[in-house]
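Asker: Sending over a structure as structure tokens; questions will come in a sec.
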Amino acid sequence: MQIWLEVVVRTLVSIAVLFLLTKLLGKRQISQLSLFEYITGITIGDLAAYISVNHQEDWYIGITALVVWVLVSLGIEFLQIKSKKARNIIDNSSTVLIKDGKILEDNLKKEKLTNEELLEQLRKKNIFKAAEVEFAVIEPSGEINVLLKKEYQPITPSHLGIKVSPEPEPQAVILDGNIMDEPLSTLGLNRGWLETELEKLGVTVENVYIGQVDGFGQLYVDLYDDKITVPEPQEKAALLAQLKKCEADLEMYALSTEQAEPKQLYTNCSEQLQQIIKDVKPLLAR
């Protein structure tokens, strides 16, 4: 076999073996890497390159080395799952960089971080003042996680004592101009409903690059032609306006009658509808 052809065959085999072994190692190898995982990734890549171009050596030598590295990696990952002490030795433990709003300079030196690098990492978290940070820790992967002081944390419904129902997952019902039947059925919808909604927007399915339906049955589309502006769906806004109109009518009826029983009935219905509007407004005002 000619050398160039042998290199091609070796490379294709190396890619296939490397892909299968990487799948075996799992997703951690392509996420934030620990020190050992970083070393493993470099070594496995180097061994794969060795197998591809070193045609003077036997195939099994490089393949054997690859398999040994993968088995060692799997063994260490298993050991880390079973033992916290092993995790601390192999990956190191997290280090606190800011505690009670105070930067710990000794821990910065331990992690070989400068104050400029710390500020850079805070800016990546959209934090431009170190004084706003209550607690910060650097993880074994090198990522810095931050807890803001309470007065700087964004307000959430839980801070206001509001319970929010879980929002259903949006489903992509159109991709590249093709209707996806399975996501539609997951939402309890069909093609007829989708075609009706597209007619309301004045577009055809062939012109839709991506179409999504949220958990409340609202369709959003992005077209191939970026110059065409698709009108925003108005069903939610129209429903909210109708509810407000009904509430105003009930209140007007209560004010216009002199009879005690109808007045009380209209007043009670108006108050109940006001509460309903208050509850559904966060969903309909999006």
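All residue names refer to the structure tokens as shown: chains lettered A, B, ... in order, residues numbered from 1 in each chain, ligands numbered from 1 in order.
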Tell me, as a PyMOL selection string, which residues lie within 9 Å of Ile210 in chain A, counting only C-alpha atoms; anything in the same chain fewer than 2 positions away does not count.

Answerer: chain A and resi 172-177+208+212+220-224

Asker: Please return as a VMD selection string: the residues of range 149-232 of chain A that backbone DSSP assigns to helix (DSSP H, G or I).

Answerer: chain A and resid 150 to 152 181 to 186 191 to 201 205 to 207

Asker: Using only C-alpha atoms, which protein or nucleic acid residues come within 12 Å of Ser94 in chain A? Drop anything in the same chain fewer than 5 positions from it, and give the result as a list in words.

Answerer: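 That gives Ser34, Arg87, Asn88, Ile89, Asn107, Lys110, Glu111, Ala136, Val137, Ile138, Glu139, Pro140, Ser141, Gly142, Glu143, Ile144 and Asn145 of chain A.
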
Asker: Save out the residues we just selected, all heavy atoms, as a short mmCIF file (atom, residue, chain, number, x, y, z; two decimals), in the first residue's frame.

Answerer:
```cif
data_model
loop_
_atom_site.label_atom_id
_atom_site.label_comp_id
_atom_site.auth_asym_id
_atom_site.auth_seq_id
_atom_site.Cartn_x
_atom_site.Cartn_y
_atom_site.Cartn_z
N SER A 34 -11.32 19.32 34.15
CA SER A 34 -10.43 19.34 35.29
C SER A 34 -8.99 19.18 34.79
O SER A 34 -8.75 18.96 33.60
CB SER A 34 -10.78 18.21 36.26
OG SER A 34 -10.50 16.96 35.65
N ARG A 87 -11.36 12.83 44.96
CA ARG A 87 -11.72 14.03 44.18
C ARG A 87 -10.86 15.22 44.57
O ARG A 87 -10.42 15.98 43.72
CB ARG A 87 -13.21 14.37 44.40
CG ARG A 87 -14.16 13.40 43.76
CD ARG A 87 -15.56 14.00 43.64
NE ARG A 87 -16.14 14.31 44.93
CZ ARG A 87 -16.87 13.46 45.65
NH1 ARG A 87 -17.06 12.24 45.21
NH2 ARG A 87 -17.40 13.84 46.80
N ASN A 88 -10.62 15.37 45.86
CA ASN A 88 -9.81 16.50 46.31
C ASN A 88 -8.36 16.39 45.84
O ASN A 88 -7.73 17.39 45.51
CB ASN A 88 -9.85 16.60 47.84
CG ASN A 88 -11.22 17.00 48.36
OD1 ASN A 88 -12.02 17.57 47.62
ND2 ASN A 88 -11.50 16.70 49.61
N ILE A 89 -7.84 15.15 45.81
CA ILE A 89 -6.45 14.96 45.38
C ILE A 89 -6.31 15.16 43.87
O ILE A 89 -5.39 15.82 43.40
CB ILE A 89 -5.96 13.55 45.78
CG1 ILE A 89 -5.89 13.43 47.32
CG2 ILE A 89 -4.59 13.26 45.17
CD1 ILE A 89 -5.57 12.03 47.80
N ASN A 107 -5.86 33.61 49.22
CA ASN A 107 -6.44 32.58 48.35
C ASN A 107 -6.26 32.93 46.87
O ASN A 107 -6.12 32.04 46.03
CB ASN A 107 -7.92 32.41 48.67
CG ASN A 107 -8.14 31.66 49.97
OD1 ASN A 107 -7.19 31.23 50.60
ND2 ASN A 107 -9.39 31.53 50.38
N LYS A 110 -2.85 31.82 46.15
CA LYS A 110 -2.82 30.36 46.10
C LYS A 110 -3.27 29.85 44.74
O LYS A 110 -2.72 28.89 44.19
CB LYS A 110 -3.72 29.80 47.20
CG LYS A 110 -3.88 28.28 47.17
CD LYS A 110 -4.85 27.84 48.25
CE LYS A 110 -5.13 26.34 48.13
NZ LYS A 110 -6.14 25.90 49.14
N GLU A 111 -4.28 30.50 44.15
CA GLU A 111 -4.81 30.10 42.85
C GLU A 111 -4.10 30.81 41.69
O GLU A 111 -4.49 30.65 40.54
CB GLU A 111 -6.31 30.37 42.77
CG GLU A 111 -7.13 29.57 43.76
CD GLU A 111 -7.07 28.08 43.49
OE1 GLU A 111 -6.82 27.69 42.33
OE2 GLU A 111 -7.25 27.30 44.45
N ALA A 136 -17.71 34.55 46.57
CA ALA A 136 -17.23 34.08 45.27
C ALA A 136 -16.29 32.90 45.50
O ALA A 136 -15.49 32.91 46.44
CB ALA A 136 -16.52 35.19 44.50
N VAL A 137 -16.38 31.90 44.64
CA VAL A 137 -15.57 30.70 44.78
C VAL A 137 -15.08 30.28 43.41
O VAL A 137 -15.80 30.40 42.41
CB VAL A 137 -16.38 29.57 45.45
CG1 VAL A 137 -17.62 29.24 44.65
CG2 VAL A 137 -15.54 28.32 45.67
N ILE A 138 -13.84 29.81 43.34
CA ILE A 138 -13.30 29.26 42.10
C ILE A 138 -13.41 27.74 42.18
O ILE A 138 -12.94 27.11 43.13
CB ILE A 138 -11.85 29.72 41.85
CG1 ILE A 138 -11.36 29.19 40.50
CG2 ILE A 138 -10.91 29.34 42.98
CD1 ILE A 138 -10.04 29.80 40.04
N GLU A 139 -14.07 27.16 41.18
CA GLU A 139 -14.30 25.72 41.15
C GLU A 139 -13.06 24.99 40.64
O GLU A 139 -12.16 25.61 40.05
CB GLU A 139 -15.51 25.40 40.26
CG GLU A 139 -16.76 26.18 40.59
CD GLU A 139 -17.37 25.81 41.94
OE1 GLU A 139 -16.89 24.85 42.56
OE2 GLU A 139 -18.32 26.49 42.36
N PRO A 140 -13.00 23.67 40.84
CA PRO A 140 -11.86 22.90 40.31
C PRO A 140 -11.68 23.04 38.80
O PRO A 140 -10.58 22.92 38.28
CB PRO A 140 -12.21 21.45 40.69
CG PRO A 140 -13.08 21.58 41.89
CD PRO A 140 -13.86 22.83 41.70
N SER A 141 -12.77 23.33 38.07
CA SER A 141 -12.68 23.52 36.63
C SER A 141 -12.07 24.87 36.26
O SER A 141 -11.78 25.11 35.09
CB SER A 141 -14.07 23.40 36.01
OG SER A 141 -14.92 24.43 36.49
N GLY A 142 -11.91 25.76 37.23
CA GLY A 142 -11.39 27.10 36.95
C GLY A 142 -12.46 28.16 36.82
O GLY A 142 -12.15 29.35 36.74
N GLU A 143 -13.72 27.76 36.81
CA GLU A 143 -14.81 28.73 36.69
C GLU A 143 -15.07 29.38 38.04
O GLU A 143 -15.02 28.72 39.09
CB GLU A 143 -16.08 28.04 36.19
CG GLU A 143 -17.24 28.99 35.99
CD GLU A 143 -18.48 28.29 35.48
OE1 GLU A 143 -18.43 27.05 35.33
OE2 GLU A 143 -19.50 28.97 35.26
N ILE A 144 -15.36 30.68 38.01
CA ILE A 144 -15.66 31.43 39.23
C ILE A 144 -17.16 31.65 39.32
O ILE A 144 -17.77 32.18 38.40
CB ILE A 144 -14.91 32.78 39.25
CG1 ILE A 144 -13.40 32.53 39.33
CG2 ILE A 144 -15.37 33.63 40.43
CD1 ILE A 144 -12.56 33.79 39.32
N ASN A 145 -17.75 31.21 40.43
CA ASN A 145 -19.18 31.41 40.68
C ASN A 145 -19.36 32.43 41.79
O ASN A 145 -18.57 32.47 42.75
CB ASN A 145 -19.86 30.09 41.05
CG ASN A 145 -19.94 29.16 39.85
OD1 ASN A 145 -20.30 29.58 38.75
ND2 ASN A 145 -19.59 27.89 40.05
#
```

Asker: When you look at range 274-283 of chain A with a cut-off of 9 Å (counting only C-alpha atoms), what residues show up, excluding the ones that are within fewer than 3 positions of it in the same chain? I need them as a ChimeraX atom specification.

Answerer: /A:216,236,240,243-244,247,269-271,286

Asker: Taking 4 positions as the minimum chain separation for residues in the same chain, which residues sit within 9 Å of range 264-266 of chain A when counting only C-alpha atoms? Answer as a ChimeraX atom specification.

Answerer: /A:250-255,259-260,270-271

Asker: What is the distance, in Å and to one decimal place, between CA of Ile98 in chain A and CA of Glu134 in chain A?

Answerer: 6.9 Å

Asker: For the atom pair CA of Gly215 in chain A and CA of Pro170 in chain A, what is the interatomic distance in Å to one decimal place?

Answerer: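 CA of Gly215 in chain A sits 5.6 Å away from CA of Pro170 in chain A.
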
Asker: Kindly give the distance, in Å, that separates CA of Glu167 in chain A and CA of Trp193 in chain A, rounded to a single decimal.

Answerer: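 Taking CA of Glu167 in chain A as the start and CA of Trp193 in chain A as the end point, the length is 21.4 Å.
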
Asker: Which residue is closest to Asp214 in chain A? Choose from A:Ser256, A:Thr196, A:Thr186, A:Gln171 and count only C-alpha atoms.

Answerer: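 With only C-alpha atoms as the atom set, the closest residue is A:Gln171.
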
Asker: Between A:Lys99, A:Lys149, A:Lys245, A:Lys263, which has the minimum distance to Ile127 in chain A (counting only C-alpha atoms)?

Answerer: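 When distances to Ile127 in chain A are compared using only C-alpha atoms, the smallest one comes from A:Lys149.
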